[in-house]
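Undergrad: Just so it is clear, I am handing over input.pdb, which has PDB, C-alpha atoms.
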ATOM      1  CA  MET A   1     -11.304 -15.573  -5.756
ATOM      2  CA  SER A   2      -8.699 -12.967  -4.784
ATOM      3  CA  GLU A   3      -5.876 -15.346  -5.736
ATOM      4  CA  ASP A   4      -7.488 -15.698  -9.149
ATOM      5  CA  ARG A   5      -7.597 -11.924  -9.571
ATOM      6  CA  VAL A   6      -3.947 -11.551  -8.614
ATOM      7  CA  ALA A   7      -3.004 -14.297 -11.061
ATOM      8  CA  GLU A   8      -5.070 -12.624 -13.780
ATOM      9  CA  VAL A   9      -3.402  -9.241 -13.268
ATOM     10  CA  ARG A  10       0.037 -10.801 -13.259
ATOM     11  CA  ALA A  11      -0.780 -12.668 -16.467
ATOM     12  CA  GLN A  12      -1.859  -9.400 -18.089
ATOM     13  CA  LEU A  13       1.378  -7.765 -16.976
ATOM     14  CA  ALA A  14       3.402 -10.685 -18.325
ATOM     15  CA  ALA A  15       1.676 -10.265 -21.684
ATOM     16  CA  LEU A  16       2.790  -6.625 -21.750
ATOM     17  CA  GLU A  17       6.408  -7.480 -20.978
ATOM     18  CA  ASP A  18       8.912  -6.157 -23.520
ATOM     19  CA  PRO A  19      12.449  -7.585 -23.199
ATOM     20  CA  ARG A  20      14.023  -4.482 -24.713
ATOM     21  CA  MET A  21      12.194  -2.219 -22.286
ATOM     22  CA  ARG A  22      13.248  -4.440 -19.400
ATOM     23  CA  GLU A  23      16.859  -4.104 -20.490
ATOM     24  CA  VAL A  24      16.567  -0.306 -20.459
ATOM     25  CA  ASN A  25      14.746  -0.234 -17.131
ATOM     26  CA  GLU A  26      17.193  -2.574 -15.445
ATOM     27  CA  ARG A  27      19.996  -0.142 -16.182
ATOM     28  CA  HIS A  28      18.131   2.237 -13.871
ATOM     29  CA  GLY A  29      17.389  -0.377 -11.217
ATOM     30  CA  ASP A  30      13.793  -1.125 -12.249
ATOM     31  CA  ASP A  31      13.290  -4.840 -12.854
ATOM     32  CA  HIS A  32      10.275  -4.793 -15.184
ATOM     33  CA  GLY A  33       9.645  -4.407 -18.896
ATOM     34  CA  VAL A  34       6.099  -3.046 -19.001
ATOM     35  CA  ASN A  35       5.280   0.175 -20.809
ATOM     36  CA  LEU A  36       3.972   2.516 -18.114
ATOM     37  CA  THR A  37       1.186   3.912 -20.287
ATOM     38  CA  ARG A  38      -0.158   0.394 -20.762
ATOM     39  CA  LEU A  39       0.346  -0.380 -17.083
ATOM     40  CA  ARG A  40      -1.684   2.703 -16.170
ATOM     41  CA  ALA A  41      -4.442   1.627 -18.545
ATOM     42  CA  LEU A  42      -4.565  -1.777 -16.878
ATOM     43  CA  ALA A  43      -4.808  -0.139 -13.443
ATOM     44  CA  LYS A  44      -7.559   2.208 -14.662
ATOM     45  CA  ALA A  45      -9.599  -0.766 -15.838
ATOM     46  CA  LEU A  46      -9.233  -2.426 -12.418
ATOM     47  CA  LYS A  47     -10.444   0.744 -10.654
ATOM     48  CA  THR A  48      -9.768   1.427  -6.979
ATOM     49  CA  ASP A  49      -9.452  -1.824  -5.036
ATOM     50  CA  HIS A  50      -7.492  -1.567  -1.800
ATOM     51  CA  GLU A  51      -7.679  -5.263  -1.002
ATOM     52  CA  LEU A  52      -6.362  -6.272  -4.415
ATOM     53  CA  ALA A  53      -3.662  -3.612  -4.087
ATOM     54  CA  GLY A  54      -2.428  -5.225  -0.876
ATOM     55  CA  GLU A  55      -2.268  -8.632  -2.486
ATOM     56  CA  LEU A  56      -0.447  -7.338  -5.549
ATOM     57  CA  TRP A  57       2.043  -5.548  -3.321
ATOM     58  CA  ALA A  58       2.644  -8.744  -1.366
ATOM     59  CA  THR A  59       3.829 -10.537  -4.535
ATOM     60  CA  GLY A  60       7.040  -8.480  -4.447
ATOM     61  CA  ASP A  61       6.876  -8.143  -8.232
ATOM     62  CA  THR A  62       7.805  -4.639  -9.392
ATOM     63  CA  ALA A  63       5.164  -4.285 -12.104
ATOM     64  CA  ALA A  64       2.473  -5.682  -9.791
ATOM     65  CA  ARG A  65       3.513  -3.219  -7.099
ATOM     66  CA  LEU A  66       3.237  -0.315  -9.537
ATOM     67  CA  VAL A  67      -0.332  -1.363 -10.303
ATOM     68  CA  ALA A  68      -1.012  -1.696  -6.572
ATOM     69  CA  LEU A  69       0.069   1.882  -5.970
ATOM     70  CA  LEU A  70      -2.384   3.101  -8.620
ATOM     71  CA  ILE A  71      -5.445   1.227  -7.310
ATOM     72  CA  CYS A  72      -4.973   1.513  -3.536
ATOM     73  CA  ARG A  73      -6.632   3.958  -1.135
ATOM     74  CA  PRO A  74      -3.711   6.033   0.197
ATOM     75  CA  ARG A  75      -5.512   7.285   3.275
ATOM     76  CA  GLN A  76      -6.149   3.758   4.519
ATOM     77  CA  TYR A  77      -2.478   3.013   5.173
ATOM     78  CA  SER A  78      -1.068   3.598   8.638
ATOM     79  CA  ALA A  79       2.253   5.351   9.141
ATOM     80  CA  GLU A  80       3.753   1.980  10.099
ATOM     81  CA  GLN A  81       2.498   0.384   6.881
ATOM     82  CA  LEU A  82       3.901   3.207   4.758
ATOM     83  CA  ASP A  83       7.248   2.890   6.517
ATOM     84  CA  GLY A  84       7.338  -0.836   5.867
ATOM     85  CA  MET A  85       6.414  -0.370   2.221
ATOM     86  CA  LEU A  86       9.188   2.157   1.646
ATOM     87  CA  ARG A  87      11.751  -0.153   3.226
ATOM     88  CA  GLU A  88      10.574  -3.037   1.038
ATOM     89  CA  ALA A  89      10.489  -0.986  -2.156
ATOM     90  CA  ARG A  90      13.997  -0.984  -3.600
ATOM     91  CA  ALA A  91      13.085  -0.372  -7.252
ATOM     92  CA  PRO A  92      13.397   3.390  -7.898
ATOM     93  CA  LYS A  93      10.111   3.623  -9.813
ATOM     94  CA  VAL A  94       8.235   1.879  -6.996
ATOM     95  CA  GLN A  95       9.784   4.263  -4.473
ATOM     96  CA  ASP A  96       8.881   7.279  -6.615
ATOM     97  CA  TRP A  97       5.268   6.200  -7.095
ATOM     98  CA  LEU A  98       4.890   5.266  -3.441
ATOM     99  CA  ILE A  99       5.934   8.785  -2.428
ATOM    100  CA  ASN A 100       4.035  10.664  -5.135
ATOM    101  CA  TYR A 101       0.818   8.658  -5.374
ATOM    102  CA  VAL A 102       0.392   7.338  -1.842
ATOM    103  CA  VAL A 103       2.422   9.032   0.901
ATOM    104  CA  LYS A 104       1.822  12.490  -0.566
ATOM    105  CA  LYS A 105      -1.939  11.945  -0.082
ATOM    106  CA  SER A 106      -1.649  10.351   3.352
ATOM    107  CA  PRO A 107      -2.616  12.017   6.645
ATOM    108  CA  HIS A 108       0.723  10.641   7.907
ATOM    109  CA  ARG A 109       2.759  12.520   5.309
ATOM    110  CA  GLU A 110       4.359  14.958   7.749
ATOM    111  CA  GLN A 111       5.229  12.238  10.283
ATOM    112  CA  CYS A 112       6.794  10.133   7.536
ATOM    113  CA  ARG A 113       8.839  13.061   6.219
ATOM    114  CA  ARG A 114      10.298  13.915   9.623
ATOM    115  CA  GLU A 115      11.112  10.334  10.564
ATOM    116  CA  TRP A 116      12.505   9.341   7.179
ATOM    117  CA  MET A 117      14.785  12.356   6.855
ATOM    118  CA  ALA A 118      16.480  11.253  10.067
ATOM    119  CA  ASP A 119      16.787   7.592   9.055
ATOM    120  CA  ALA A 120      20.175   5.928   8.658
ATOM    121  CA  ASP A 121      19.006   4.022   5.562
ATOM    122  CA  ALA A 122      19.864   6.250   2.586
ATOM    123  CA  ASN A 123      16.934   4.992   0.508
ATOM    124  CA  VAL A 124      14.494   5.718   3.322
ATOM    125  CA  ALA A 125      16.080   9.139   3.885
ATOM    126  CA  ALA A 126      15.690   9.839   0.158
ATOM    127  CA  GLY A 127      11.947   9.317   0.542
ATOM    128  CA  GLY A 128      11.903  11.901   3.315
ATOM    129  CA  TRP A 129      13.846  14.407   1.210
ATOM    130  CA  ALA A 130      11.483  13.838  -1.725
ATOM    131  CA  LEU A 131       8.616  14.858   0.553
ATOM    132  CA  ALA A 132      10.667  17.814   1.785
ATOM    133  CA  ALA A 133      11.128  19.058  -1.787
ATOM    134  CA  MET A 134       7.344  18.951  -2.251
ATOM    135  CA  ASP A 135       6.808  20.845   0.998
ATOM    136  CA  VAL A 136       9.345  23.503  -0.001
ATOM    137  CA  ALA A 137       6.937  24.331  -2.816
ATOM    138  CA  ASP A 138       3.578  23.617  -1.180
ATOM    139  CA  ASN A 139       3.963  23.792   2.618
ATOM    140  CA  PRO A 140       7.112  25.784   3.437
ATOM    141  CA  HIS A 141       5.663  26.752   6.833
ATOM    142  CA  LEU A 142       6.275  23.151   7.925
ATOM    143  CA  LEU A 143      10.002  23.418   7.272
ATOM    144  CA  ASP A 144      13.099  25.162   8.542
ATOM    145  CA  LEU A 145      14.416  26.148   5.125
ATOM    146  CA  GLY A 146      17.658  27.539   6.515
ATOM    147  CA  GLY A 147      18.225  24.314   8.408
ATOM    148  CA  LEU A 148      17.631  22.312   5.235
ATOM    149  CA  LEU A 149      20.261  24.360   3.423
ATOM    150  CA  GLU A 150      22.710  23.718   6.249
ATOM    151  CA  ARG A 151      22.157  19.961   5.979
ATOM    152  CA  ILE A 152      22.431  20.043   2.208
ATOM    153  CA  GLU A 153      25.690  21.969   2.369
ATOM    154  CA  ALA A 154      27.130  19.542   4.912
ATOM    155  CA  GLU A 155      25.814  16.230   3.569
ATOM    156  CA  MET A 156      24.876  16.332  -0.122
ATOM    157  CA  LYS A 157      28.373  16.080  -1.628
ATOM    158  CA  THR A 158      29.022  12.625  -0.137
ATOM    159  CA  ALA A 159      25.457  11.287  -0.017
ATOM    160  CA  PRO A 160      24.592   8.075  -1.946
ATOM    161  CA  ASP A 161      23.172   8.697  -5.408
ATOM    162  CA  ARG A 162      19.449   8.476  -4.717
ATOM    163  CA  LEU A 163      19.645  10.525  -1.537
ATOM    164  CA  GLN A 164      21.934  13.034  -3.232
ATOM    165  CA  TRP A 165      19.422  13.444  -6.068
ATOM    166  CA  GLN A 166      16.573  14.249  -3.669
ATOM    167  CA  MET A 167      18.689  16.639  -1.611
ATOM    168  CA  ASN A 168      19.684  18.384  -4.830
ATOM    169  CA  THR A 169      16.024  18.611  -5.845
ATOM    170  CA  THR A 170      15.260  20.226  -2.498
ATOM    171  CA  LEU A 171      18.135  22.684  -2.972
ATOM    172  CA  ALA A 172      16.928  23.667  -6.422
ATOM    173  CA  THR A 173      13.316  23.992  -5.271
ATOM    174  CA  ILE A 174      14.349  26.319  -2.450
ATOM    175  CA  GLY A 175      16.261  28.465  -4.923
ATOM    176  CA  ILE A 176      13.379  28.546  -7.382
ATOM    177  CA  ARG A 177      10.524  29.131  -4.939
ATOM    178  CA  HIS A 178      12.129  31.340  -2.304
ATOM    179  CA  PRO A 179      13.872  34.433  -3.737
ATOM    180  CA  GLU A 180      15.217  35.501  -0.345
ATOM    181  CA  LEU A 181      17.201  32.249  -0.146
ATOM    182  CA  ARG A 182      18.125  32.057  -3.834
ATOM    183  CA  PRO A 183      21.647  33.539  -3.521
ATOM    184  CA  ARG A 184      22.492  31.080  -0.759
ATOM    185  CA  ALA A 185      21.081  28.124  -2.706
ATOM    186  CA  LEU A 186      23.037  29.144  -5.806
ATOM    187  CA  ALA A 187      26.238  29.539  -3.784
ATOM    188  CA  ILE A 188      25.835  26.083  -2.243
ATOM    189  CA  GLY A 189      25.219  24.526  -5.646
ATOM    190  CA  GLU A 190      28.237  26.267  -7.178
ATOM    191  CA  ARG A 191      30.495  25.287  -4.294
ATOM    192  CA  LEU A 192      29.488  21.617  -4.165
ATOM    193  CA  GLU A 193      29.198  21.125  -7.983
ATOM    194  CA  VAL A 194      26.887  18.130  -7.471
ATOM    195  CA  LEU A 195      25.543  16.848 -10.822
ATOM    196  CA  LYS A 196      27.459  19.551 -12.670
ATOM    197  CA  ASP A 197      28.565  17.076 -15.337
ATOM    198  CA  TYR A 198      25.311  15.089 -15.431
ATOM    199  CA  PRO A 199      24.515  14.126 -19.061
ATOM    200  CA  THR A 200      21.478  16.113 -20.176
ATOM    201  CA  ALA A 201      19.501  15.537 -23.357
ATOM    202  CA  PRO A 202      18.994  18.432 -25.798
ATOM    203  CA  ASN A 203      16.113  20.727 -24.804
ATOM    204  CA  CYS A 204      16.181  19.398 -21.233
ATOM    205  CA  THR A 205      17.266  21.380 -18.193
ATOM    206  CA  SER A 206      20.380  20.238 -16.354
ATOM    207  CA  PRO A 207      19.819  18.966 -12.788
ATOM    208  CA  TYR A 208      22.874  20.976 -11.705
ATOM    209  CA  ALA A 209      21.206  23.287  -9.198
ATOM    210  CA  PRO A 210      22.581  26.661 -10.372
ATOM    211  CA  ILE A 211      21.558  25.992 -13.981
ATOM    212  CA  TRP A 212      18.207  24.508 -12.897
ATOM    213  CA  ILE A 213      17.397  27.464 -10.650
ATOM    214  CA  ASP A 214      18.397  30.100 -13.207
ATOM    215  CA  GLU A 215      16.412  28.429 -15.987
ATOM    216  CA  MET A 216      13.210  28.052 -13.966
ATOM    217  CA  VAL A 217      13.414  31.625 -12.668
ATOM    218  CA  ARG A 218      13.962  32.824 -16.250
ATOM    219  CA  ARG A 219      10.849  30.934 -17.375
ATOM    220  CA  GLN A 220       8.813  32.380 -14.516
ATOM    221  CA  SER A 221       9.924  35.886 -15.463
ATOM    222  CA  ALA A 222       9.164  35.278 -19.142
ATOM    223  CA  GLY A 223       5.724  33.907 -18.301
TER     224      GLY A 223
END
Translate this file's structure into structure tokens.
TA:
Amino acid sequence: MSEDRVAEVRAQLAALEDPRMREVNERHGDDHGVNLTRLRALAKALKTDHELAGELWATGDTAARLVALLICRPRQYSAEQLDGMLREARAPKVQDWLINYVVKKSPHREQCRREWMADADANVAAGGWALAAMDVADNPHLLDLGGLLERIEAEMKTAPDRLQWQMNTTLATIGIRHPELRPRALAIGERLEVLKDYPTAPNCTSPYAPIWIDEMVRRQSAG
């Protein structure tokens, strides 16, 4: 019966496949062509089903894994399972959803953050830094913010792209959320110039930390 359900979900995902969307997604490392709004609707219809989530994850298919992350029970995964899932998940969107929809809600979140930030695998470390950026905003008491800035200053310039992006997000979040550290965060961003020339669409904020920090602080003041 479970095999039939997995096959049915995969058939529904195949029916939603759009070759043009796949072409766009593949340029960003995501090997699927399913509109995410439609994928979310499919997951909503399935409702929470942890067993089915595990079986969909086991297929290795990116779209199926995205559905799995929406229908699983995050608190039922062990720290070891979450670690294995992150190491298996090489598609950026799968990594992002795993962190934001599963690990973020897990009782093992803090353990995962500490272990992943120290990992030699840049993609795994990026997951740890993504959690760190969340904690800068929500749980700063768990972090040594000064120590994070030291690591960012020493490591971000030469970090691989995905890890660099998450370290930069952490830098910007520190500058936005912690006024006492804002001058230091701005100085680090200006000195390293990471993402300074990143192409930014009109009406969007640049990910270059000094611009990002200044714009968000301006909005907070205006609000």
Undergrad: Enumerate, in order of chain and increasing residue number, the residues of stretch 29-124 of chain A with an atom no farther than 12 Å from stretch 165-183 of chain A, each with its shortest atom pair and distance in Å to one decimal, counting only C-alpha atoms, as a Markdown table.
TA:
| residue | atom | partner | partner_atom | distance |
| --- | --- | --- | --- | --- |
| A:Pro92 | CA | A:Trp165 | CA | 11.9 |
| A:Asp96 | CA | A:Gln166 | CA | 10.8 |
| A:Met117 | CA | A:Met167 | CA | 10.3 |
| A:Ala122 | CA | A:Gln166 | CA | 10.7 |
| A:Asn123 | CA | A:Gln166 | CA | 10.2 |
| A:Val124 | CA | A:Gln166 | CA | 11.2 |
Undergrad: At a cut-off of 9 Å, using only C-alpha atoms, what residues contact A:Gly189? Leave out same-chain residues fewer than 2 positions from it and give the result as a ChimeraX atom specification.
TA: /A:153,168,171-172,184-187,191-194,196,208-210
Undergrad: Using C-alpha atoms, can you export the residues from the last selection as a PDB file, in the coordinates of the input?
TA:
ATOM      1  CA  GLU A 153      25.690  21.969   2.369  1.00  0.00           C
ATOM      2  CA  ASN A 168      19.684  18.384  -4.830  1.00  0.00           C
ATOM      3  CA  LEU A 171      18.135  22.684  -2.972  1.00  0.00           C
ATOM      4  CA  ALA A 172      16.928  23.667  -6.422  1.00  0.00           C
ATOM      5  CA  ARG A 184      22.492  31.080  -0.759  1.00  0.00           C
ATOM      6  CA  ALA A 185      21.081  28.124  -2.706  1.00  0.00           C
ATOM      7  CA  LEU A 186      23.037  29.144  -5.806  1.00  0.00           C
ATOM      8  CA  ALA A 187      26.238  29.539  -3.784  1.00  0.00           C
ATOM      9  CA  ARG A 191      30.495  25.287  -4.294  1.00  0.00           C
ATOM     10  CA  LEU A 192      29.488  21.617  -4.165  1.00  0.00           C
ATOM     11  CA  GLU A 193      29.198  21.125  -7.983  1.00  0.00           C
ATOM     12  CA  VAL A 194      26.887  18.130  -7.471  1.00  0.00           C
ATOM     13  CA  LYS A 196      27.459  19.551 -12.670  1.00  0.00           C
ATOM     14  CA  TYR A 208      22.874  20.976 -11.705  1.00  0.00           C
ATOM     15  CA  ALA A 209      21.206  23.287  -9.198  1.00  0.00           C
ATOM     16  CA  PRO A 210      22.581  26.661 -10.372  1.00  0.00           C
TER      17      PRO A 210
END
Undergrad: May I have a table of the residues of stretch 68-172 of chain A lying at most 12 Å from stretch 16-33 of chain A, giving each one's closest pair of atoms and their distance in Å to one decimal, counting all atoms listed in the file, ordered by chain and ascending residue number, as a Markdown table?
TA:
| residue | atom | partner | partner_atom | distance |
| --- | --- | --- | --- | --- |
| A:Ala89 | CA | A:Asp30 | CA | 10.6 |
| A:Arg90 | CA | A:Gly29 | CA | 8.4 |
| A:Ala91 | CA | A:Asp30 | CA | 5.1 |
| A:Pro92 | CA | A:Asp30 | CA | 6.3 |
| A:Lys93 | CA | A:Asp30 | CA | 6.5 |
| A:Val94 | CA | A:Asp30 | CA | 8.2 |
| A:Gln95 | CA | A:Asp30 | CA | 10.3 |
| A:Asp96 | CA | A:Asp30 | CA | 11.2 |
| A:Asp161 | CA | A:His28 | CA | 11.8 |
| A:Arg162 | CA | A:His28 | CA | 11.2 |
Undergrad: Can you measure atom CA of A:Glu88 to atom CA of A:Thr158 for me? One decimal in Å is fine.
TA: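 Straight-line distance from atom CA of A:Glu88 to atom CA of A:Thr158 works out to 24.2 Å.
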Undergrad: So what does the PyMOL selection byres ((chain A and resi 2) around 9) actually pick up in this one, as a list in words?
TA: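 Here the PyMOL selection byres ((chain A and resi 2) around 9) matches Met1, Glu3, Asp4, Arg5, Val6, Ala7, Glu51, Leu52 and Glu55 of chain A.
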Undergrad: Any idea what the distance is between atom CA of A:Arg73 and atom CA of A:Ala120?
TA: 28.6 Å
Undergrad: Mind giving me the straight-line distance from atom CA of A:Leu46 to atom CA of A:Val9 in Å, one decimal?
TA: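 We find that atom CA of A:Leu46 and atom CA of A:Val9 lie 9.0 Å from each other.
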